[in-house]
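Text of data-v5.cif (mmCIF, C-alpha atoms and all ligand atoms) as supplied:
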data_entry
loop_
_atom_site.label_atom_id
_atom_site.label_comp_id
_atom_site.auth_asym_id
_atom_site.auth_seq_id
_atom_site.Cartn_x
_atom_site.Cartn_y
_atom_site.Cartn_z
CA MET E 1 105.48 99.27 84.10
CA LEU E 2 107.86 100.99 81.70
CA GLU E 3 105.82 104.18 81.96
CA ALA E 4 105.99 104.04 85.73
CA LEU E 5 109.75 103.63 85.70
CA LEU E 6 110.13 106.51 83.28
CA LEU E 7 108.02 108.67 85.51
CA CYS E 8 110.13 107.85 88.55
CA SER E 9 113.47 108.27 86.89
CA PHE E 10 112.78 111.33 84.77
CA ILE E 11 109.78 113.47 85.70
CA LEU E 12 109.98 113.24 89.46
CA PRO E 13 113.56 114.51 89.82
CA LEU E 14 112.56 117.49 87.65
CA LEU E 15 109.58 118.22 89.84
CA PHE E 16 111.80 118.08 92.92
CA ILE E 17 114.20 120.55 91.33
CA PHE E 18 111.41 122.93 90.33
CA PHE E 19 109.65 122.88 93.65
CA ARG E 20 112.78 122.62 95.81
CA PRO E 21 111.26 120.94 98.86
CA LYS E 22 112.11 122.34 102.25
CA SER E 23 111.90 120.21 105.39
CA ASP E 24 110.27 123.05 107.27
CA ALA E 25 107.64 123.48 104.55
CA LYS E 26 104.57 125.23 105.89
CA LEU E 27 101.49 123.14 106.40
CA PRO E 28 98.98 122.08 105.17
CA PRO E 29 101.18 120.31 102.65
CA ARG E 30 100.79 121.52 99.07
CA SER E 31 99.53 119.07 96.52
CA TYR E 32 100.74 118.92 92.89
CA PRO E 33 99.42 117.04 89.87
CA LEU E 34 100.71 113.48 89.58
CA ILE E 35 102.89 113.54 92.68
CA GLY E 36 100.32 114.92 95.15
CA ASN E 37 102.05 115.75 98.46
CA TYR E 38 104.99 113.51 97.71
CA HIS E 39 107.56 116.27 97.53
CA SER E 40 106.67 117.42 101.06
CA ILE E 41 106.66 113.82 102.27
CA TYR E 42 110.09 113.32 100.74
CA ALA E 43 111.49 116.53 102.20
CA ASN E 44 110.26 115.53 105.64
CA ARG E 45 111.22 111.86 105.41
CA HIS E 46 113.62 112.23 108.37
CA ARG E 47 110.80 113.59 110.58
CA LEU E 48 107.69 111.90 109.20
CA ILE E 49 105.98 111.34 112.55
CA GLN E 50 106.34 115.01 113.56
CA TRP E 51 105.34 116.17 110.10
CA THR E 52 102.18 114.04 109.98
CA SER E 53 101.31 115.13 113.54
CA ASP E 54 101.59 118.74 112.39
CA ALA E 55 99.35 118.00 109.39
CA VAL E 56 96.75 116.50 111.74
CA HIS E 57 96.97 119.47 114.13
CA ASN E 58 96.56 121.93 111.28
CA SER E 59 93.34 120.30 110.11
CA PRO E 60 90.14 121.70 111.72
CA THR E 61 88.73 118.15 111.99
CA LEU E 62 92.05 116.68 113.20
CA THR E 63 91.90 114.45 110.11
CA ALA E 64 94.31 115.10 107.23
CA PHE E 65 94.49 113.71 103.69
CA LEU E 66 97.82 112.82 102.17
CA ARG E 67 97.96 112.51 98.43
CA ARG E 68 100.66 110.19 97.17
CA PRO E 69 101.63 109.15 93.65
CA PHE E 70 99.92 106.20 91.98
CA GLY E 71 96.78 106.61 94.07
CA GLN E 72 98.40 105.46 97.32
CA ASN E 73 96.51 108.10 99.28
CA ARG E 74 96.32 108.07 103.06
CA VAL E 75 93.95 109.46 105.65
CA ILE E 76 95.67 110.41 108.90
CA THR E 77 93.67 111.15 112.00
CA GLY E 78 94.28 112.16 115.58
CA ASN E 79 90.58 112.68 116.27
CA PRO E 80 89.53 110.41 119.17
CA ALA E 81 85.98 109.92 117.78
CA VAL E 82 87.43 108.82 114.44
CA VAL E 83 89.93 106.51 116.14
CA GLU E 84 87.08 104.88 118.05
CA HIS E 85 85.07 104.59 114.82
CA ILE E 86 87.95 102.81 113.06
CA LEU E 87 89.29 100.58 115.83
CA LYS E 88 86.06 99.79 117.66
CA SER E 89 82.60 100.67 116.29
CA ASN E 90 83.46 99.80 112.67
CA PHE E 91 86.16 97.25 113.38
CA SER E 92 85.11 94.92 110.52
CA THR E 93 85.20 97.76 107.95
CA TYR E 94 88.78 98.73 108.73
CA GLN E 95 91.12 95.79 108.27
CA LYS E 96 94.83 95.30 107.84
CA GLY E 97 94.17 94.83 104.11
CA LEU E 98 96.05 93.16 101.27
CA ASN E 99 98.52 95.99 100.63
CA SER E 100 99.72 96.08 104.23
CA HIS E 101 99.69 92.26 104.37
CA ASN E 102 101.97 92.07 101.32
CA ILE E 103 104.36 94.71 102.66
CA LEU E 104 104.73 93.04 106.05
CA PHE E 105 104.43 89.41 104.98
CA ASP E 106 108.16 88.70 104.68
CA LEU E 107 108.65 89.66 108.32
CA LEU E 108 105.34 88.94 110.06
CA GLY E 109 103.92 86.18 107.84
CA ASP E 110 100.41 85.33 109.02
CA GLY E 111 100.98 86.45 112.62
CA ILE E 112 98.24 88.31 114.51
CA PHE E 113 99.41 91.76 113.36
CA ASN E 114 99.11 90.84 109.69
CA VAL E 115 95.84 88.93 109.34
CA ASP E 116 92.12 89.61 109.45
CA GLY E 117 88.96 87.53 109.86
CA ASP E 118 89.09 83.97 111.19
CA GLN E 119 92.89 83.80 111.21
CA TRP E 120 92.99 86.88 113.45
CA LYS E 121 90.14 85.63 115.65
CA LEU E 122 91.82 82.30 116.41
CA GLN E 123 95.10 83.93 117.43
CA ARG E 124 93.27 86.57 119.43
CA GLN E 125 91.25 83.94 121.34
CA LEU E 126 94.29 81.84 122.18
CA SER E 127 96.26 84.97 123.15
CA SER E 128 93.57 86.32 125.45
CA HIS E 129 94.58 83.85 128.22
CA VAL E 130 97.95 85.57 128.48
CA PHE E 131 96.19 88.79 129.42
CA SER E 132 93.95 87.28 132.13
CA THR E 133 94.39 88.68 135.64
CA LYS E 134 95.92 85.37 136.76
CA SER E 135 98.51 85.32 133.99
CA LEU E 136 99.36 89.00 134.40
CA ARG E 137 99.84 88.57 138.14
CA HIS E 138 102.13 85.60 137.53
CA PHE E 139 104.00 87.63 134.91
CA VAL E 140 104.53 90.61 137.23
CA GLU E 141 105.28 88.68 140.41
CA HIS E 142 107.58 86.05 138.96
CA VAL E 143 108.92 86.94 135.52
CA VAL E 144 109.33 90.73 135.76
CA ASP E 145 110.27 90.62 139.43
CA THR E 146 113.10 88.14 138.77
CA GLU E 147 114.33 90.05 135.72
CA LEU E 148 114.29 93.27 137.76
CA ASN E 149 115.97 91.99 140.92
CA GLU E 150 118.44 89.60 139.39
CA ARG E 151 119.37 91.50 136.25
CA LEU E 152 118.25 95.10 135.73
CA LEU E 153 118.79 96.51 139.22
CA PRO E 154 122.21 94.85 139.84
CA MET E 155 123.40 96.09 136.46
CA LEU E 156 122.30 99.68 137.07
CA THR E 157 123.63 99.61 140.64
CA THR E 158 127.04 98.46 139.43
CA ALA E 159 127.07 101.09 136.68
CA ALA E 160 126.17 103.80 139.21
CA ALA E 161 128.88 102.63 141.66
CA ASN E 162 131.53 102.60 138.92
CA ASP E 163 130.29 105.78 137.29
CA THR E 164 129.87 103.90 133.99
CA VAL E 165 127.79 105.32 131.17
CA VAL E 166 125.12 102.88 129.97
CA ASP E 167 122.94 103.00 126.89
CA LEU E 168 119.62 102.91 128.72
CA GLN E 169 117.58 102.19 125.59
CA ASP E 170 119.74 99.15 124.81
CA VAL E 171 119.48 97.93 128.41
CA LEU E 172 115.68 98.38 128.44
CA GLN E 173 115.32 96.60 125.09
CA ARG E 174 117.20 93.65 126.55
CA PHE E 175 115.02 93.82 129.66
CA ALA E 176 111.83 93.84 127.53
CA PHE E 177 113.10 91.08 125.24
CA ASP E 178 113.91 88.72 128.15
CA ASN E 179 110.53 89.47 129.73
CA ILE E 180 108.44 88.93 126.61
CA CYS E 181 110.22 85.66 125.73
CA LYS E 182 109.75 84.33 129.26
CA MET E 183 106.13 85.42 129.38
CA ALA E 184 105.01 84.28 125.93
CA PHE E 185 107.23 81.24 125.39
CA ASP E 186 108.65 80.39 128.84
CA TYR E 187 112.07 80.76 127.20
CA ASP E 188 114.94 82.77 128.68
CA PRO E 189 117.23 84.36 126.05
CA ALA E 190 119.32 85.94 128.87
CA CYS E 191 120.07 89.11 126.94
CA LEU E 192 120.35 91.30 130.01
CA THR E 193 123.33 89.57 131.60
CA PRO E 194 126.34 91.58 132.85
CA SER E 195 128.45 90.93 129.73
CA LEU E 196 125.63 92.38 127.56
CA PRO E 197 126.14 89.66 124.93
CA HIS E 198 126.16 90.88 121.35
CA ALA E 199 122.63 90.16 120.17
CA THR E 200 122.75 89.47 116.43
CA PHE E 201 119.07 88.63 116.69
CA ALA E 202 118.29 92.14 117.97
CA VAL E 203 120.18 93.75 115.09
CA ALA E 204 118.35 91.50 112.60
CA PHE E 205 115.02 92.38 114.17
CA GLU E 206 115.70 96.12 114.07
CA ASP E 207 116.85 95.97 110.45
CA ALA E 208 113.83 93.89 109.43
CA ILE E 209 111.37 96.29 111.08
CA ARG E 210 113.08 99.35 109.58
CA ILE E 211 113.24 97.96 106.04
CA SER E 212 109.65 96.65 106.18
CA THR E 213 108.45 100.07 107.35
CA GLU E 214 110.40 101.80 104.59
CA ARG E 215 108.42 99.76 102.06
CA PHE E 216 105.33 101.76 103.08
CA HIS E 217 107.10 104.99 102.13
CA THR E 218 108.38 104.10 98.66
CA ILE E 219 106.85 106.10 95.83
CA THR E 220 105.51 102.88 94.28
CA PRO E 221 105.62 99.29 95.61
CA LEU E 222 107.30 98.36 92.31
CA ILE E 223 110.58 99.71 93.64
CA TRP E 224 110.88 97.34 96.61
CA LYS E 225 109.39 94.46 94.64
CA ILE E 226 112.04 94.80 91.90
CA LYS E 227 114.80 95.05 94.51
CA ARG E 228 113.41 91.92 96.17
CA VAL E 229 113.38 89.95 92.92
CA LEU E 230 116.95 91.07 92.17
CA ASN E 231 117.94 90.47 95.81
CA ILE E 232 119.81 93.76 96.10
CA GLY E 233 120.25 96.61 98.61
CA SER E 234 117.86 96.83 101.54
CA GLU E 235 115.78 93.91 100.26
CA LYS E 236 118.84 91.66 100.35
CA ARG E 237 119.45 92.67 103.95
CA LEU E 238 115.77 92.09 104.78
CA LYS E 239 115.98 88.55 103.44
CA GLU E 240 119.08 87.83 105.53
CA ALA E 241 117.58 89.40 108.65
CA VAL E 242 114.28 87.53 108.30
CA SER E 243 116.14 84.24 107.84
CA GLU E 244 118.05 84.90 111.08
CA ILE E 245 114.84 85.80 112.93
CA ARG E 246 113.04 82.69 111.62
CA GLN E 247 115.92 80.46 112.76
CA PHE E 248 115.64 81.92 116.24
CA ALA E 249 111.85 81.43 116.25
CA LEU E 250 112.29 77.87 114.99
CA LYS E 251 114.67 77.09 117.84
CA ILE E 252 112.11 78.28 120.39
CA MET E 253 109.37 76.31 118.63
CA ASN E 254 111.33 73.04 118.53
CA GLU E 255 112.22 73.29 122.22
CA LYS E 256 108.57 73.93 123.02
CA LYS E 257 107.33 70.97 120.94
CA GLN E 258 109.80 68.71 122.71
CA GLU E 259 108.69 70.02 126.09
CA VAL E 260 104.99 69.52 125.30
CA ASP E 261 105.69 65.97 123.97
CA ASP E 262 107.65 65.09 127.11
CA THR E 263 104.96 66.28 129.52
CA SER E 264 101.62 64.55 129.83
CA SER E 265 99.99 67.59 131.40
CA ILE E 266 100.91 71.19 130.58
CA LYS E 267 102.71 72.77 133.50
CA THR E 268 103.29 76.16 131.98
CA VAL E 269 100.66 78.70 131.05
CA ASP E 270 102.71 80.42 128.38
CA LEU E 271 101.16 81.34 125.07
CA LEU E 272 103.26 79.03 122.93
CA SER E 273 102.41 75.94 125.02
CA ARG E 274 98.76 76.76 124.50
CA PHE E 275 99.14 76.98 120.75
CA VAL E 276 101.24 73.81 120.46
CA SER E 277 99.14 71.72 122.85
CA SER E 278 95.92 72.76 121.13
CA GLY E 279 97.16 70.99 118.01
CA HIS E 280 98.63 73.95 116.11
CA THR E 281 102.01 72.54 115.22
CA ASP E 282 102.49 73.93 111.71
CA GLU E 283 106.04 75.27 111.61
CA ASN E 284 105.25 78.48 109.71
CA PHE E 285 102.22 79.26 111.83
CA ILE E 286 104.13 78.85 115.09
CA THR E 287 107.16 80.84 113.95
CA ASP E 288 104.84 83.64 112.78
CA ILE E 289 103.33 83.74 116.27
CA VAL E 290 106.73 83.84 117.96
CA ILE E 291 107.84 86.74 115.73
CA SER E 292 104.60 88.67 116.29
CA TYR E 293 104.90 88.44 120.04
CA ILE E 294 108.48 89.61 120.10
CA PHE E 295 107.35 92.43 117.79
CA ALA E 296 104.45 93.25 120.16
CA GLY E 297 106.32 93.31 123.42
CA ARG E 298 109.93 94.32 122.85
CA ASP E 299 110.11 97.77 121.31
CA THR E 300 106.76 98.99 122.69
CA THR E 301 107.64 98.49 126.34
CA SER E 302 111.26 99.54 125.98
CA ALA E 303 110.39 102.71 123.99
CA ALA E 304 107.78 103.62 126.61
CA LEU E 305 110.27 103.14 129.46
CA THR E 306 113.16 104.90 127.71
CA TRP E 307 111.13 108.04 127.05
CA PHE E 308 109.66 107.87 130.55
CA PHE E 309 113.07 107.84 132.28
CA TRP E 310 114.37 110.53 129.93
CA LEU E 311 111.41 112.74 130.87
CA LEU E 312 111.96 112.04 134.57
CA TRP E 313 115.57 113.08 134.22
CA LYS E 314 114.37 116.36 132.70
CA ASN E 315 111.68 116.83 135.38
CA PRO E 316 113.22 116.07 138.80
CA ALA E 317 110.13 117.42 140.63
CA VAL E 318 108.00 114.74 138.96
CA GLU E 319 110.60 112.12 139.82
CA SER E 320 110.40 113.11 143.54
CA GLU E 321 106.60 112.86 143.50
CA ILE E 322 106.75 109.40 141.94
CA VAL E 323 109.34 108.15 144.43
CA LYS E 324 107.22 109.59 147.27
CA GLU E 325 104.08 107.87 145.98
CA ILE E 326 105.75 104.50 145.46
CA ASN E 327 107.33 104.56 148.94
CA GLY E 328 104.00 105.56 150.46
CA LYS E 329 101.96 102.81 148.78
CA LEU E 330 104.40 99.91 148.83
CA ALA E 331 103.16 96.97 150.95
CA ALA E 332 105.24 95.87 153.92
CA ASP E 333 106.13 92.61 152.13
CA GLY E 334 107.31 94.55 149.08
CA SER E 335 104.51 93.22 146.81
CA VAL E 336 103.27 95.66 144.22
CA TYR E 337 100.67 94.01 141.98
CA ASP E 338 97.58 95.34 143.82
CA GLU E 339 99.33 98.44 145.13
CA VAL E 340 100.09 99.87 141.69
CA LYS E 341 96.37 100.47 141.15
CA GLU E 342 96.57 103.18 143.83
CA MET E 343 99.60 104.89 142.32
CA VAL E 344 97.61 107.48 140.44
CA TYR E 345 100.40 110.02 140.04
CA THR E 346 102.78 107.41 138.62
CA HIS E 347 100.03 106.14 136.31
CA ALA E 348 99.29 109.67 135.07
CA SER E 349 103.00 110.33 134.49
CA LEU E 350 103.32 107.17 132.36
CA CYS E 351 100.22 108.13 130.37
CA GLU E 352 101.54 111.63 129.78
CA SER E 353 104.90 110.25 128.71
CA MET E 354 103.22 107.92 126.18
CA ARG E 355 101.00 110.79 124.97
CA LEU E 356 104.09 112.91 124.28
CA TYR E 357 106.18 110.06 122.86
CA PRO E 358 103.84 107.27 121.67
CA PRO E 359 105.64 103.92 121.53
CA VAL E 360 103.37 102.98 118.60
CA PRO E 361 102.95 106.30 116.80
CA VAL E 362 101.20 104.90 113.72
CA ASP E 363 98.56 102.19 113.41
CA GLY E 364 97.29 101.69 109.86
CA LYS E 365 94.06 100.07 108.68
CA THR E 366 92.50 99.76 105.20
CA ALA E 367 88.89 100.73 104.46
CA THR E 368 87.11 97.74 102.91
CA VAL E 369 84.12 99.85 101.74
CA ASP E 370 83.38 103.56 101.16
CA ASP E 371 82.66 105.20 104.50
CA VAL E 372 81.93 108.53 106.18
CA LEU E 373 83.92 109.28 109.34
CA PRO E 374 82.24 110.84 112.40
CA ASP E 375 83.93 114.17 111.54
CA GLY E 376 82.20 114.18 108.11
CA ASN E 377 85.25 113.24 106.07
CA VAL E 378 84.65 110.72 103.29
CA VAL E 379 86.89 107.67 103.04
CA LYS E 380 87.02 105.69 99.81
CA LYS E 381 87.33 101.91 99.71
CA GLY E 382 90.97 100.77 99.64
CA ILE E 383 92.42 103.83 101.34
CA ILE E 384 94.79 103.32 104.25
CA VAL E 385 93.79 105.28 107.36
C1 LIG E 401 103.82 100.22 126.09
C2 LIG E 401 103.55 99.03 125.63
C3 LIG E 401 102.60 98.72 124.48
C4 LIG E 401 101.97 99.54 123.62
C5 LIG E 401 102.05 101.07 123.53
C6 LIG E 401 101.17 98.72 122.72
C7 LIG E 401 100.38 99.19 121.68
C8 LIG E 401 99.63 98.42 120.83
C9 LIG E 401 98.85 98.90 119.71
C10 LIG E 401 98.74 100.36 119.28
C11 LIG E 401 98.27 97.83 119.12
C12 LIG E 401 97.36 97.86 117.88
C13 LIG E 401 95.92 97.91 118.29
C14 LIG E 401 94.96 97.89 117.12
O1 LIG E 401 95.33 98.11 115.98
O2 LIG E 401 93.77 97.65 117.37
C15 LIG E 401 98.67 96.66 119.86
C16 LIG E 401 98.27 95.37 119.57
C17 LIG E 401 98.71 94.27 120.24
N1 LIG E 401 99.57 94.22 121.32
FE1 LIG E 401 100.39 95.81 122.24
N2 LIG E 401 101.35 97.40 123.08
C18 LIG E 401 102.22 97.36 124.14
C19 LIG E 401 102.69 96.23 124.77
C20 LIG E 401 102.33 94.95 124.47
C21 LIG E 401 102.82 93.77 125.15
C22 LIG E 401 103.82 93.77 126.30
C23 LIG E 401 102.23 92.72 124.57
C24 LIG E 401 102.48 91.33 125.02
C25 LIG E 401 102.58 90.33 124.44
C26 LIG E 401 101.36 93.21 123.50
C27 LIG E 401 100.58 92.43 122.67
C28 LIG E 401 99.78 92.91 121.66
C29 LIG E 401 99.00 92.05 120.77
C30 LIG E 401 98.94 90.54 120.80
C31 LIG E 401 98.33 92.91 119.88
C32 LIG E 401 97.40 92.50 118.73
C33 LIG E 401 95.99 92.60 119.18
C34 LIG E 401 95.01 92.26 118.09
O3 LIG E 401 95.28 92.42 116.90
O4 LIG E 401 93.94 91.84 118.46
N3 LIG E 401 101.45 94.58 123.49
N4 LIG E 401 99.49 97.04 120.90
#
Write out the structure in this file as structure tokens.
Amino acid sequence: MLEALLLCSFILPLLFIFFRPKSDAKLPPRSYPLIGNYHSIYANRHRLIQWTSDAVHNSPTLTAFLRRPFGQNRVITGNPAVVEHILKSNFSTYQKGLNSHNILFDLLGDGIFNVDGDQWKLQRQLSSHVFSTKSLRHFVEHVVDTELNERLLPMLTTAAANDTVVDLQDVLQRFAFDNICKMAFDYDPACLTPSLPHATFAVAFEDAIRISTERFHTITPLIWKIKRVLNIGSEKRLKEAVSEIRQFALKIMNEKKQEVDDTSSIKTVDLLSRFVSSGHTDENFITDIVISYIFAGRDTTSAALTWFFWLLWKNPAVESEIVKEINGKLAADGSVYDEVKEMVYTHASLCESMRLYPPVPVDGKTATVDDVLPDGNVVKKGIIV
């Protein structure tokens, strides 16, 4: 441990001075003894997604190797055959893994995004009902429709009439948050109301995600672990933020338990009612689920929509085509659920927007055994891909 600290505090700064990293360093990234590619990673820390995308593009196989200090090497791929190999054909070989579990545990606990095996399977099976055609139709026709007509559209109409500038990303995050809470827990946090109430929960959630993600980028996990033990800096803030998030999740859980106790038959089809009424009442388990679902649905949908509208603003011709298509396909009664399937241009535009600006740009898995990828690259056990 002492050696590691010495290395961090003494040798690494010297290496940085000698090699003077530049953020526009040419790719493929150069690798040095001991620190691997770390000096390029550090220099590009403000643009890591773009930098790793460039590294992938510059590799003939579309798979790049990142060498990090202390053996924390990473394989990064943008090769569709490799992605299929990892996420589908060899699903059991590539798991979330212990390292990732430890990094994300403070925030996600044992929620679906942070577990493997039977724990994952159970949550996946219970969740699958939410994605049935019946549930999705109910979600679109009742939850989203109400949120749109009673909250989002009136707010934007008023802003347009008064020539007020709105922070569209903030508005869409509120929109997504209300929707996901109503869909998954049948709970209305009413974030997208005209006064735009200050959402301490949202700030806590953003901080917790940012700090948890930063843990992946530290030169050695020792750094964040020491800060956590000492309860200082970002780790102190993470602890506070997670406590706030857990209190919120607990509130939702207690209301749901009460509701399920009071009703002999379940009236709602929301995810949380299913979990609670199927006998899963452990407080930690339920709060982990609540947090995972907010994590799943809030920033993904709102990031996708924010980039989409930004791209439409930059491409008015595409906007006109979309408006034309929607007006042409809309049913006389205004229903849209079946009609959207015919909106091919709108669908393609959304796909292109998510290709250019992926709402989930990184999805990491750990190899549980040595493996050879379809592009011929060798992956060693324990490596994060
Ligand atoms: C634009 C919107 C969205 C995007 C881009 C997106 C993307 C993703 C990605 C990349 C994964 C990881 C897949 C994997 O590693 O195999 C994932 C998992 C998941 N997403 Fe989404 N998502 C979106 C919206 C939602 C919404 C609205 C929900 C609703 C609750 C949701 C629920 C989930 C769940 C439960 C999982 C875990 C699945 C599992 O581990 O089996 N997502 N999503």
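Each of E:Val340, E:Val75, E:Cys351, E:Val56 was checked against ligand LIG 401 (chain E) using all atoms listed in the file; the smallest atom-to-atom distance is that of E:Cys351.
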Grab me every residue within 7 Å of ligand LIG 401 (chain E), counting only C-alpha atoms and all ligand atoms, and send it over as a PyMOL selection string.
chain E and resi 87+112-113+120+124+127+180+184+293+296-297+300-301+304+358-360+363
Using only C-alpha atoms, which protein or nucleic acid residues come within 10 Å of E:Tyr187? Drop anything in the same chain fewer than 2 positions from it, and give the result as a compact mmCIF listing (two decimals) with C-alpha atoms, keeping the file's coordinate frame.
# COMPACT_ATOMS: atom_id res chain seq x y z
CA ASP E 178 113.91 88.72 128.15
CA ASN E 179 110.53 89.47 129.73
CA ILE E 180 108.44 88.93 126.61
CA CYS E 181 110.22 85.66 125.73
CA LYS E 182 109.75 84.33 129.26
CA MET E 183 106.13 85.42 129.38
CA ALA E 184 105.01 84.28 125.93
CA PHE E 185 107.23 81.24 125.39
CA PRO E 189 117.23 84.36 126.05
CA ALA E 190 119.32 85.94 128.87
CA ILE E 252 112.11 78.28 120.39
CA GLU E 255 112.22 73.29 122.22
CA LYS E 256 108.57 73.93 123.02
CA ASP E 270 102.71 80.42 128.38
CA LEU E 272 103.26 79.03 122.93
Atom CA of E:Leu66 to atom CA of E:Ile209: how many Å, to one decimal?
23.2 Å
Do you have the atom CA of E:His46-atom CA of E:Arg30 distance handy?
18.4 Å
